[in-house]
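Listing of input_3.txt; format and content: compact mmCIF, C-alpha atoms.
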```
# COMPACT_ATOMS: atom_id res chain seq x y z
CA MET A 18 3.93 14.60 0.19
CA ASN A 19 3.56 14.94 -3.57
CA ARG A 20 3.45 18.71 -4.01
CA ARG A 21 2.73 20.45 -7.30
CA ALA A 22 4.89 23.23 -8.67
CA ASN A 23 1.99 24.83 -10.58
CA ASP A 24 -0.27 25.69 -7.64
CA PRO A 25 -1.98 29.03 -8.31
CA ALA A 26 -0.58 31.94 -6.29
CA LEU A 27 -3.14 33.14 -3.74
CA ASP A 28 -3.02 36.12 -1.43
CA PRO A 29 -3.36 35.48 2.34
CA ARG A 30 -7.08 36.31 2.42
CA ALA A 31 -7.88 33.89 -0.41
CA ARG A 32 -5.79 31.16 1.23
CA GLN A 33 -7.54 31.63 4.58
CA LEU A 34 -10.94 31.61 2.89
CA LEU A 35 -10.15 28.48 0.90
CA ARG A 36 -8.85 26.73 4.03
CA ALA A 37 -11.98 27.66 5.96
CA LEU A 38 -14.33 26.59 3.15
CA ILE A 39 -12.70 23.19 2.67
CA GLY A 40 -12.62 22.63 6.43
CA ARG A 41 -16.35 23.41 6.69
CA TYR A 42 -17.18 21.22 3.69
CA ILE A 43 -15.18 18.25 5.01
CA HIS A 44 -17.02 18.61 8.32
CA SER A 45 -20.57 19.05 7.02
CA GLY A 46 -20.66 17.67 3.48
CA GLU A 47 -22.82 20.64 2.45
CA PRO A 48 -21.87 23.40 -0.03
CA VAL A 49 -20.53 26.41 1.85
CA GLY A 50 -21.97 29.88 1.22
CA SER A 51 -20.54 33.35 1.75
CA GLN A 52 -22.68 34.04 4.82
CA THR A 53 -21.33 30.93 6.55
CA LEU A 54 -17.77 31.90 5.68
CA ALA A 55 -18.36 35.46 6.93
CA ARG A 56 -19.13 33.93 10.34
CA HIS A 57 -16.42 31.27 10.44
CA ALA A 58 -13.46 32.31 8.27
CA GLY A 59 -12.06 34.82 10.76
CA LEU A 60 -11.78 37.58 8.15
CA ASP A 61 -12.95 41.12 8.91
CA VAL A 62 -14.51 41.63 5.46
CA SER A 63 -18.03 41.86 4.10
CA ALA A 64 -20.02 39.02 2.60
CA ALA A 65 -19.79 40.82 -0.75
CA THR A 66 -15.98 40.77 -0.58
CA ILE A 67 -16.08 37.10 0.31
CA ARG A 68 -18.32 36.42 -2.69
CA ASN A 69 -15.80 38.15 -4.94
CA ILE A 70 -12.93 36.08 -3.55
CA LEU A 71 -14.97 32.89 -3.96
CA SER A 72 -15.68 33.84 -7.55
CA ASP A 73 -11.93 34.24 -8.16
CA LEU A 74 -11.24 30.87 -6.54
CA GLU A 75 -13.88 29.27 -8.74
CA GLU A 76 -12.36 30.86 -11.82
CA ALA A 77 -8.97 29.45 -10.77
CA GLY A 78 -10.50 25.95 -10.77
CA LEU A 79 -10.26 25.48 -6.99
CA LEU A 80 -14.00 25.59 -6.26
CA SER A 81 -17.20 24.68 -8.05
CA ALA A 82 -20.83 25.67 -7.49
CA PRO A 83 -23.40 22.86 -7.59
CA HIS A 84 -26.49 23.85 -9.56
CA THR A 85 -28.80 23.17 -6.62
CA SER A 86 -27.02 25.43 -4.14
CA ALA A 87 -25.68 28.94 -3.77
CA GLY A 88 -22.70 27.51 -1.88
CA ARG A 89 -19.47 26.14 -3.25
CA ILE A 90 -17.49 22.94 -2.84
CA PRO A 91 -13.79 22.20 -3.46
CA THR A 92 -12.59 20.63 -6.69
CA ALA A 93 -9.84 18.02 -6.87
CA GLN A 94 -7.43 20.89 -7.62
CA GLY A 95 -8.72 22.73 -4.57
CA TYR A 96 -8.13 19.68 -2.37
CA ARG A 97 -4.65 19.36 -3.85
CA LEU A 98 -3.68 22.91 -2.91
CA PHE A 99 -5.28 22.43 0.51
CA VAL A 100 -3.31 19.24 1.21
CA ASP A 101 -0.02 20.56 -0.15
CA SER A 102 0.13 24.03 1.35
CA LEU A 103 -2.82 24.86 3.63
CA LEU A 104 -3.20 21.77 5.78
CA GLN A 105 -1.77 21.68 9.29
CA VAL A 106 -0.96 18.08 10.22
CA ARG A 107 -0.08 17.13 13.79
CA PRO A 108 1.52 13.85 14.87
CA LEU A 109 -0.80 11.10 16.03
CA PRO A 110 -1.41 11.22 19.82
CA GLU A 111 0.84 8.92 21.82
CA GLY A 112 -2.10 6.80 22.99
CA GLU A 113 -3.07 5.94 19.42
CA VAL A 114 0.54 5.26 18.47
CA ALA A 115 0.75 2.86 21.42
CA ARG A 116 -2.44 1.16 20.24
CA LEU A 117 -0.97 0.65 16.78
CA ARG A 118 2.22 -0.83 18.16
CA SER A 119 0.40 -3.11 20.59
CA GLU A 120 -1.82 -4.49 17.82
CA LEU A 121 1.08 -4.97 15.39
CA PRO A 122 3.35 -7.17 17.50
CA SER A 123 6.55 -8.62 16.09
CA GLY A 124 6.84 -12.37 15.67
CA SER A 125 3.22 -12.94 14.65
CA GLY A 126 3.97 -13.78 11.02
CA THR A 127 3.77 -11.63 7.91
CA GLN A 128 0.19 -12.42 6.87
CA ALA A 129 -1.12 -11.80 10.39
CA LEU A 130 0.78 -8.51 10.56
CA LEU A 131 -0.53 -7.29 7.22
CA GLY A 132 -4.09 -8.29 8.06
CA SER A 133 -3.91 -6.49 11.39
CA ALA A 134 -2.45 -3.39 9.73
CA SER A 135 -5.20 -3.13 7.12
CA GLU A 136 -7.91 -3.70 9.75
CA LEU A 137 -6.40 -1.04 12.02
CA LEU A 138 -6.17 1.49 9.21
CA SER A 139 -9.83 0.89 8.40
CA ALA A 140 -10.96 1.03 12.02
CA MET A 141 -9.03 4.23 12.81
CA THR A 142 -10.11 6.14 9.69
CA HIS A 143 -13.50 4.49 8.91
CA PHE A 144 -12.40 4.01 5.30
CA VAL A 145 -10.62 1.22 3.39
CA GLY A 146 -7.24 0.04 4.67
CA VAL A 147 -4.85 -1.38 2.07
CA VAL A 148 -1.41 -2.96 2.49
CA SER A 149 0.77 -4.38 -0.29
CA VAL A 150 2.35 -7.74 0.48
CA PRO A 151 6.18 -7.82 0.49
CA LYS A 152 7.74 -9.88 -2.27
CA ARG A 153 8.82 -13.25 -0.94
CA GLU A 154 12.24 -12.99 -2.56
CA GLN A 155 13.08 -10.21 -0.09
CA PHE A 156 12.92 -12.73 2.77
CA ALA A 157 15.40 -15.37 3.81
CA PHE A 158 14.23 -18.95 3.92
CA ARG A 159 14.96 -21.16 6.89
CA ARG A 160 14.26 -24.58 5.51
CA ILE A 161 13.00 -26.35 2.40
CA GLU A 162 11.68 -29.88 2.02
CA PHE A 163 10.61 -31.78 -1.09
CA VAL A 164 7.89 -34.44 -1.06
CA PRO A 165 7.14 -36.59 -4.12
CA LEU A 166 3.49 -36.46 -5.19
CA ASP A 167 3.47 -38.56 -8.37
CA ALA A 168 5.70 -39.38 -11.34
CA GLN A 169 6.55 -35.79 -12.27
CA ARG A 170 5.14 -33.61 -9.50
CA VAL A 171 6.90 -32.61 -6.30
CA LEU A 172 5.60 -30.62 -3.34
CA ALA A 173 8.08 -27.99 -2.08
CA ILE A 174 7.52 -26.84 1.51
CA LEU A 175 9.31 -23.55 2.25
CA VAL A 176 9.68 -22.13 5.74
CA PHE A 177 10.72 -18.46 5.71
CA ALA A 178 12.49 -16.41 8.37
CA ASP A 179 9.29 -14.45 9.13
CA GLN A 180 7.50 -17.67 10.22
CA GLU A 181 5.53 -17.97 6.97
CA VAL A 182 5.18 -21.37 5.30
CA GLN A 183 4.47 -21.78 1.59
CA ASN A 184 3.60 -24.94 -0.30
CA ARG A 185 4.41 -24.99 -4.01
CA ILE A 186 3.80 -27.79 -6.50
CA ILE A 187 6.67 -28.32 -8.94
CA GLN A 188 6.33 -29.96 -12.34
CA THR A 189 9.58 -31.85 -13.02
CA ARG A 190 11.04 -33.05 -16.31
CA ARG A 191 11.65 -36.54 -14.91
CA PRO A 192 10.63 -38.57 -11.86
CA PHE A 193 12.65 -37.92 -8.68
CA GLU A 194 13.21 -40.61 -6.06
CA ALA A 195 12.66 -39.74 -2.40
CA GLY A 196 16.39 -40.07 -1.71
CA GLU A 197 17.28 -37.60 -4.44
CA LEU A 198 14.78 -35.08 -3.09
CA GLU A 199 16.21 -35.49 0.41
CA ARG A 200 19.76 -34.86 -0.83
CA VAL A 201 18.68 -31.71 -2.69
CA GLY A 202 16.80 -30.42 0.37
CA ASN A 203 19.78 -31.09 2.64
CA TYR A 204 22.14 -29.34 0.23
CA LEU A 205 19.95 -26.23 -0.04
CA ASN A 206 19.37 -26.09 3.72
CA THR A 207 23.05 -26.49 4.53
CA HIS A 208 24.39 -23.94 2.07
CA PHE A 209 21.61 -21.37 1.65
CA ALA A 210 19.46 -21.17 4.80
CA GLY A 211 19.33 -17.58 6.01
CA ARG A 212 20.00 -16.09 2.58
CA PRO A 213 17.50 -14.14 0.51
CA VAL A 214 15.61 -16.23 -2.01
CA ALA A 215 16.54 -13.92 -4.88
CA GLU A 216 20.25 -14.65 -4.33
CA ILE A 217 19.95 -18.42 -4.18
CA ARG A 218 19.06 -19.04 -7.82
CA ALA A 219 21.98 -16.87 -9.01
CA SER A 220 24.39 -18.63 -6.62
CA LEU A 221 23.29 -22.06 -7.81
CA LEU A 222 23.87 -21.10 -11.43
CA LEU A 223 27.36 -19.87 -10.63
CA GLU A 224 28.22 -23.00 -8.65
CA LEU A 225 26.85 -25.22 -11.41
CA ARG A 226 29.16 -23.57 -13.95
CA ASN A 227 32.20 -24.02 -11.69
CA ALA A 228 31.37 -27.47 -10.27
CA GLN A 229 33.52 -30.55 -10.63
CA SER A 230 31.88 -33.54 -12.28
CA GLU A 231 31.03 -35.31 -8.99
CA MET A 232 28.98 -32.30 -7.85
CA GLN A 233 27.30 -31.50 -11.13
CA ALA A 234 24.49 -34.04 -10.81
CA LEU A 235 23.44 -32.78 -7.37
CA LEU A 236 23.70 -29.16 -8.43
CA ALA A 237 21.73 -29.78 -11.62
CA GLN A 238 18.99 -31.46 -9.59
CA SER A 239 19.05 -28.60 -7.08
CA MET A 240 18.82 -26.07 -9.86
CA GLU A 241 15.85 -27.77 -11.51
CA LEU A 242 13.88 -27.92 -8.26
CA ALA A 243 14.98 -24.55 -6.89
CA GLU A 244 14.09 -22.65 -10.06
CA GLN A 245 10.42 -23.42 -9.49
CA ALA A 246 10.35 -23.72 -5.71
CA LEU A 247 12.03 -20.33 -5.21
CA ALA A 248 10.47 -18.52 -8.17
CA PRO A 249 9.05 -15.05 -7.39
CA ASP A 250 5.43 -15.24 -6.32
CA GLY A 251 2.71 -12.93 -7.63
CA ASP A 252 2.08 -9.51 -6.15
CA ASP A 253 -0.80 -9.18 -3.74
CA MET A 254 -2.38 -6.82 -1.27
CA VAL A 255 -4.59 -7.00 1.80
CA LEU A 256 -7.79 -4.92 1.94
CA ALA A 257 -10.09 -4.22 4.86
CA GLY A 258 -13.23 -2.14 5.30
CA GLN A 259 -14.48 -1.93 1.71
CA THR A 260 -18.10 -1.89 2.86
CA ARG A 261 -17.48 1.31 4.84
CA LEU A 262 -17.58 3.20 1.53
CA MET A 263 -21.20 2.13 0.93
CA GLY A 264 -22.40 4.75 3.40
CA VAL A 265 -20.32 7.62 2.02
CA GLN A 266 -22.48 10.41 0.63
CA GLU A 267 -20.14 11.27 -2.26
CA LEU A 268 -20.08 7.64 -3.45
CA ALA A 269 -23.83 7.08 -3.43
CA ASP A 270 -23.98 6.50 -7.20
CA LEU A 271 -24.45 2.73 -7.56
CA ASP A 272 -22.62 2.47 -10.89
CA ARG A 273 -19.59 4.32 -9.49
CA LEU A 274 -19.64 2.17 -6.36
CA ARG A 275 -19.85 -1.03 -8.40
CA GLU A 276 -16.84 0.01 -10.51
CA LEU A 277 -14.90 0.74 -7.34
CA PHE A 278 -15.70 -2.65 -5.80
CA GLU A 279 -14.79 -4.41 -9.05
CA ALA A 280 -11.39 -2.64 -8.91
CA PHE A 281 -10.96 -3.89 -5.34
CA ALA A 282 -11.75 -7.43 -6.48
CA ARG A 283 -9.33 -7.32 -9.44
CA LYS A 284 -6.57 -5.73 -7.31
CA ARG A 285 -4.30 -5.38 -10.36
CA GLU A 286 -4.81 -1.66 -11.03
CA ILE A 287 -4.58 -0.69 -7.36
CA LEU A 288 -1.43 -2.77 -6.97
CA GLN A 289 0.12 -0.96 -9.93
CA LEU A 290 -0.75 2.36 -8.28
CA LEU A 291 0.82 1.24 -5.01
CA GLU A 292 3.91 0.12 -6.92
CA ARG A 293 4.30 3.68 -8.22
CA THR A 294 4.38 4.95 -4.63
CA VAL A 295 7.12 2.47 -3.62
CA ARG A 296 9.57 4.22 -5.92
CA ALA A 297 8.91 7.66 -4.40
CA PRO A 298 10.01 8.48 -0.85
CA GLY A 299 7.61 9.66 1.84
CA MET A 300 3.87 10.12 1.93
CA ARG A 301 1.93 10.17 -1.34
CA ILE A 302 -1.61 11.47 -1.77
CA PHE A 303 -3.64 10.87 -4.92
CA ILE A 304 -6.85 12.89 -5.19
CA GLY A 305 -9.57 11.81 -7.61
CA GLU A 306 -8.40 11.58 -11.19
CA GLU A 307 -4.72 11.86 -10.11
CA THR A 308 -4.80 8.08 -9.59
CA GLY A 309 -5.14 7.61 -13.34
CA LEU A 310 -7.76 4.93 -12.67
CA ALA A 311 -11.35 5.59 -13.72
CA PRO A 312 -12.93 3.60 -10.84
CA LEU A 313 -10.93 5.69 -8.33
CA GLU A 314 -11.81 9.11 -9.74
CA GLY A 315 -14.20 9.79 -6.87
CA VAL A 316 -11.82 8.82 -4.06
CA SER A 317 -8.47 9.76 -2.56
CA LEU A 318 -5.59 7.45 -1.70
CA VAL A 319 -3.17 8.34 1.11
CA THR A 320 -0.09 6.08 1.20
CA ALA A 321 3.25 5.64 2.95
CA PRO A 322 5.99 3.03 2.41
CA TYR A 323 6.94 0.62 5.19
CA GLY A 324 10.22 -1.22 5.49
CA ALA A 325 12.93 -2.73 7.65
CA GLY A 326 16.69 -2.86 7.56
CA GLY A 327 16.86 0.21 5.35
CA ARG A 328 14.80 -1.42 2.59
CA VAL A 329 11.23 -0.73 1.51
CA LEU A 330 9.07 -3.86 1.79
CA GLY A 331 5.76 -2.45 0.61
CA VAL A 332 3.19 0.32 0.88
CA LEU A 333 0.15 0.81 3.07
CA GLY A 334 -2.58 3.39 2.90
CA VAL A 335 -6.19 4.44 3.11
CA ILE A 336 -8.76 4.74 0.32
CA GLY A 337 -11.64 7.08 1.08
CA PRO A 338 -13.74 9.89 -0.38
CA THR A 339 -12.03 13.07 -1.55
CA ARG A 340 -13.97 14.72 1.29
CA MET A 341 -11.92 13.03 3.98
CA ALA A 342 -10.36 14.56 7.08
CA TYR A 343 -6.82 14.59 5.68
CA GLU A 344 -5.35 16.06 8.87
CA ARG A 345 -6.57 12.91 10.64
CA VAL A 346 -5.85 10.29 7.97
CA ILE A 347 -2.30 11.39 7.10
CA PRO A 348 -0.80 10.92 10.60
CA VAL A 349 -2.64 7.59 11.01
CA VAL A 350 -1.12 6.26 7.78
CA GLN A 351 2.38 7.49 8.68
CA ALA A 352 2.22 6.05 12.19
CA ALA A 353 0.91 2.72 10.89
CA ALA A 354 3.77 2.54 8.36
CA ASP A 355 6.30 3.21 11.12
CA ALA A 356 4.72 0.63 13.44
CA LEU A 357 4.54 -2.05 10.74
CA GLY A 358 8.16 -1.46 9.74
CA ASP A 359 9.25 -1.70 13.38
CA ALA A 360 7.33 -4.97 13.77
CA PHE A 361 9.21 -6.45 10.79
CA GLN A 362 12.51 -5.06 12.10
CA ALA A 363 12.01 -6.59 15.55
CA GLY A 364 10.82 -9.94 14.19
CA GLU A 365 12.34 -12.36 11.73
CA GLY A 366 11.87 -10.05 8.80
CA PRO A 367 13.54 -9.72 5.42
CA ALA A 368 16.77 -11.42 4.55
CA GLY A 369 19.55 -10.30 6.83
CA GLU A 370 17.12 -9.27 9.59
CA GLY A 371 16.70 -11.34 12.69
CA GLU A 372 19.18 -13.94 11.53
```
As C-alpha cells:
Amino acid sequence: MNRRANDPALDPRARQLLRALIGRYIHSGEPVGSQTLARHAGLDVSAATIRNILSDLEEAGLLSAPHTSAGRIPTAQGYRLFVDSLLQVRPLPEGEVARLRSELPSGSGTQALLGSASELLSAMTHFVGVVSVPKREQFAFRRIEFVPLDAQRVLAILVFADQEVQNRIIQTRRPFEAGELERVGNYLNTHFAGRPVAEIRASLLLELRNAQSEMQALLAQSMELAEQALAPDGDDMVLAGQTRLMGVQELADLDRLRELFEAFARKREILQLLERTVRAPGMRIFIGEETGLAPLEGVSLVTAPYGAGGRVLGVLGVIGPTRMAYERVIPVVQAAADALGDAFQAGEGPAGEGE
C-alpha cells in the first residue's frame, strides 16, 4: 500500500487510542468522545488523560472536532496513518474467494468478465466498483474481415483471442474492390493471427520496406487498411453501484454528490487516476484530497492491478466514503484482482496467452 514517510511519531497509547477512535467512528458514523473511548479503548487511564491525548492528536492534524459535538472524528491524515500502520487486514474468507472465482469464469469474454467484476465489487462492499478496460493492443487477434460499405468506406470485423468482436469503419483514400479486401484479409489472417495487435503495424511497415515489387501492392493495401483497423482504441472503464453512494451520510451534500456523479459520467479524470495506479505495484489507497480530483475529495479509492502472463492489463477498485471499513474493502479488492487475473490467464487472454 502507498505508505507515507512523514507519518507523525506516536507513542503506543496514542496509537491505540487513535485506532480505537477510528474503529468506533467507522462503525457508528458519530463523533467519538473521551467517555466512549475510556470504555472501549482498552487503556487503563482516566478520561482526563484520554482528553489530553485526543487534544495532541488533534494538534497533529489526525483528528478534528465538529462544532456541534464534544467528540472527535478522523481527518484524511488520520485515516492515512490508520490505513498505513494501524490497520490489521486479514485475507478474505475462503467462501468469499470461491464466490468471486465462480462468478468470474474464464472463457466468458472480456466485457462480460469486467462487468461481472465491477458488479461483484459493488455487491460485496456496498460501494462503487470500478474496473479499467484492458487496451485492445495487448490482445492477439484471431481473424479479420473487410466488407465494403460504399465508395471509400470499409467495415473491418476483428475477432480477438478473448472472444471479443469489434466492428470498425475505415475511411479509405480510394475505393477497394471486394477481391482486394479479401486478399488483404487472407494475408493478415495467414501471417499475423495470434500476434498482438501492437506488433502487427510495426511488422507490416518493416515488410513493406523490404518487399519485392510483386508484393508491394498487397502490402501497401494491407498497411492502409490495418493502420485504421488495428489502431489503438480509447481507454474506458466499467462502473457499477454508483447509486449506492446516494445513501451515504458523509456524501449527503447534493452539490458534492452531483459533482461526483458528473465525474463518473465523464470517466476521464477517474481513468487518469487509475492509470497512475497501473505504474505502481501492489494495492493503492487514495483518501480524500490525495486523489487530486476535486469531485473525489470526499471519498476514498482502493485499487489493485490485475493481469495475466506477467503483464498488467488494468486496475480495479472500490470508490466509497472515507469512512469505509478498510479492513473489509482491502481484501475484497485484492481477491477480486487475483480472481480476474486468473480468469484472463485461464481463458484466451492477452497476446501469447491461450494460443
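The nearest approach to Ala297 in chain A among the residues A:Ala115, A:Leu38, A:Leu310, A:Ala321, with only C-alpha atoms taken into account, belongs to A:Ala321.
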Nearest to Val255 in chain A, chosen from A:Asp359, A:Glu306, A:Glu154, A:Glu136, with only C-alpha atoms counted in the distances: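 Closest to Val255 in chain A, using only C-alpha atoms: A:Glu136.
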Length of the CA of Arg261 in chain A to CA of Met141 in chain A vector [Å]: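 Taking CA of Arg261 in chain A as the start and CA of Met141 in chain A as the end point, the length is 12.0 Å.
Interatomic distance, CA of Asp61 in chain A against CA of Ala37 in chain A: 13.8 Å.
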Produce a table with one row for each residue of range 242-302 of chain A that has an atom at most 12 Å from any atom of range 171-180 of chain A, each row naming the nearest atom pair and its distance in Å at one decimal; use only C-alpha atoms; arrange rows by chain and rising residue number; format as CSV.
```
residue,atom,partner,partner_atom,distance
A:Leu242,CA,A:Ala173,CA,8.5
A:Ala243,CA,A:Ala173,CA,9.1
A:Glu244,CA,A:Ala173,CA,11.3
A:Gln245,CA,A:Ala173,CA,9.0
A:Ala246,CA,A:Ala173,CA,6.0
A:Leu247,CA,A:Leu175,CA,8.6
A:Ala248,CA,A:Ala173,CA,11.5
```
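Shell of Val145 in chain A at 9 Å, with only C-alpha atoms counted and residues fewer than 3 places along the chain excluded, is Ser135, Glu136, Leu138, Ser139, Ala140, Thr142, Leu256, Ala257, Gly258, Gln259, Thr260, Arg261, Leu262, Gly334, Val335, Ile336 and Gly337 of chain A.
Note that CA of Glu314 in chain A and CA of Asp272 in chain A are 12.7 Å apart.
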Ile39 in chain A surroundings by only C-alpha atoms, 8 Å radius, close-in-sequence under 2 positions cut, as a ChimeraX atom specification: /A:35-37,41-43,90-91,96,99
Test item: residues at most 9 Å from Leu222 in chain A, all atoms listed in the file, excluding those fewer than 5 positions along its chain, as a ChimeraX atom specification: /A:217,227,236-237,240
Using only C-alpha atoms, please write the residues we just selected to a file, as a short mmCIF file (atom, residue, chain, number, x, y, z; two decimals), in the coordinates of the input.
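out_29.cif, freshly written:
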```cif
data_model
loop_
_atom_site.label_atom_id
_atom_site.label_comp_id
_atom_site.auth_asym_id
_atom_site.auth_seq_id
_atom_site.Cartn_x
_atom_site.Cartn_y
_atom_site.Cartn_z
CA ILE A 217 19.95 -18.42 -4.18
CA ASN A 227 32.20 -24.02 -11.69
CA LEU A 236 23.70 -29.16 -8.43
CA ALA A 237 21.73 -29.78 -11.62
CA MET A 240 18.82 -26.07 -9.86
#
```
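The residue that comes closest to Pro122 in chain A, out of A:Ala282, A:Val319, A:Leu34, A:Ala134 and on the basis of only C-alpha atoms, is A:Ala134.
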Close residues, Val316 in chain A itself excluded, 6 Å, all atoms listed in the file, min 6 positions apart in chain, as a VMD selection string: chain A and resid 305 337 to 339
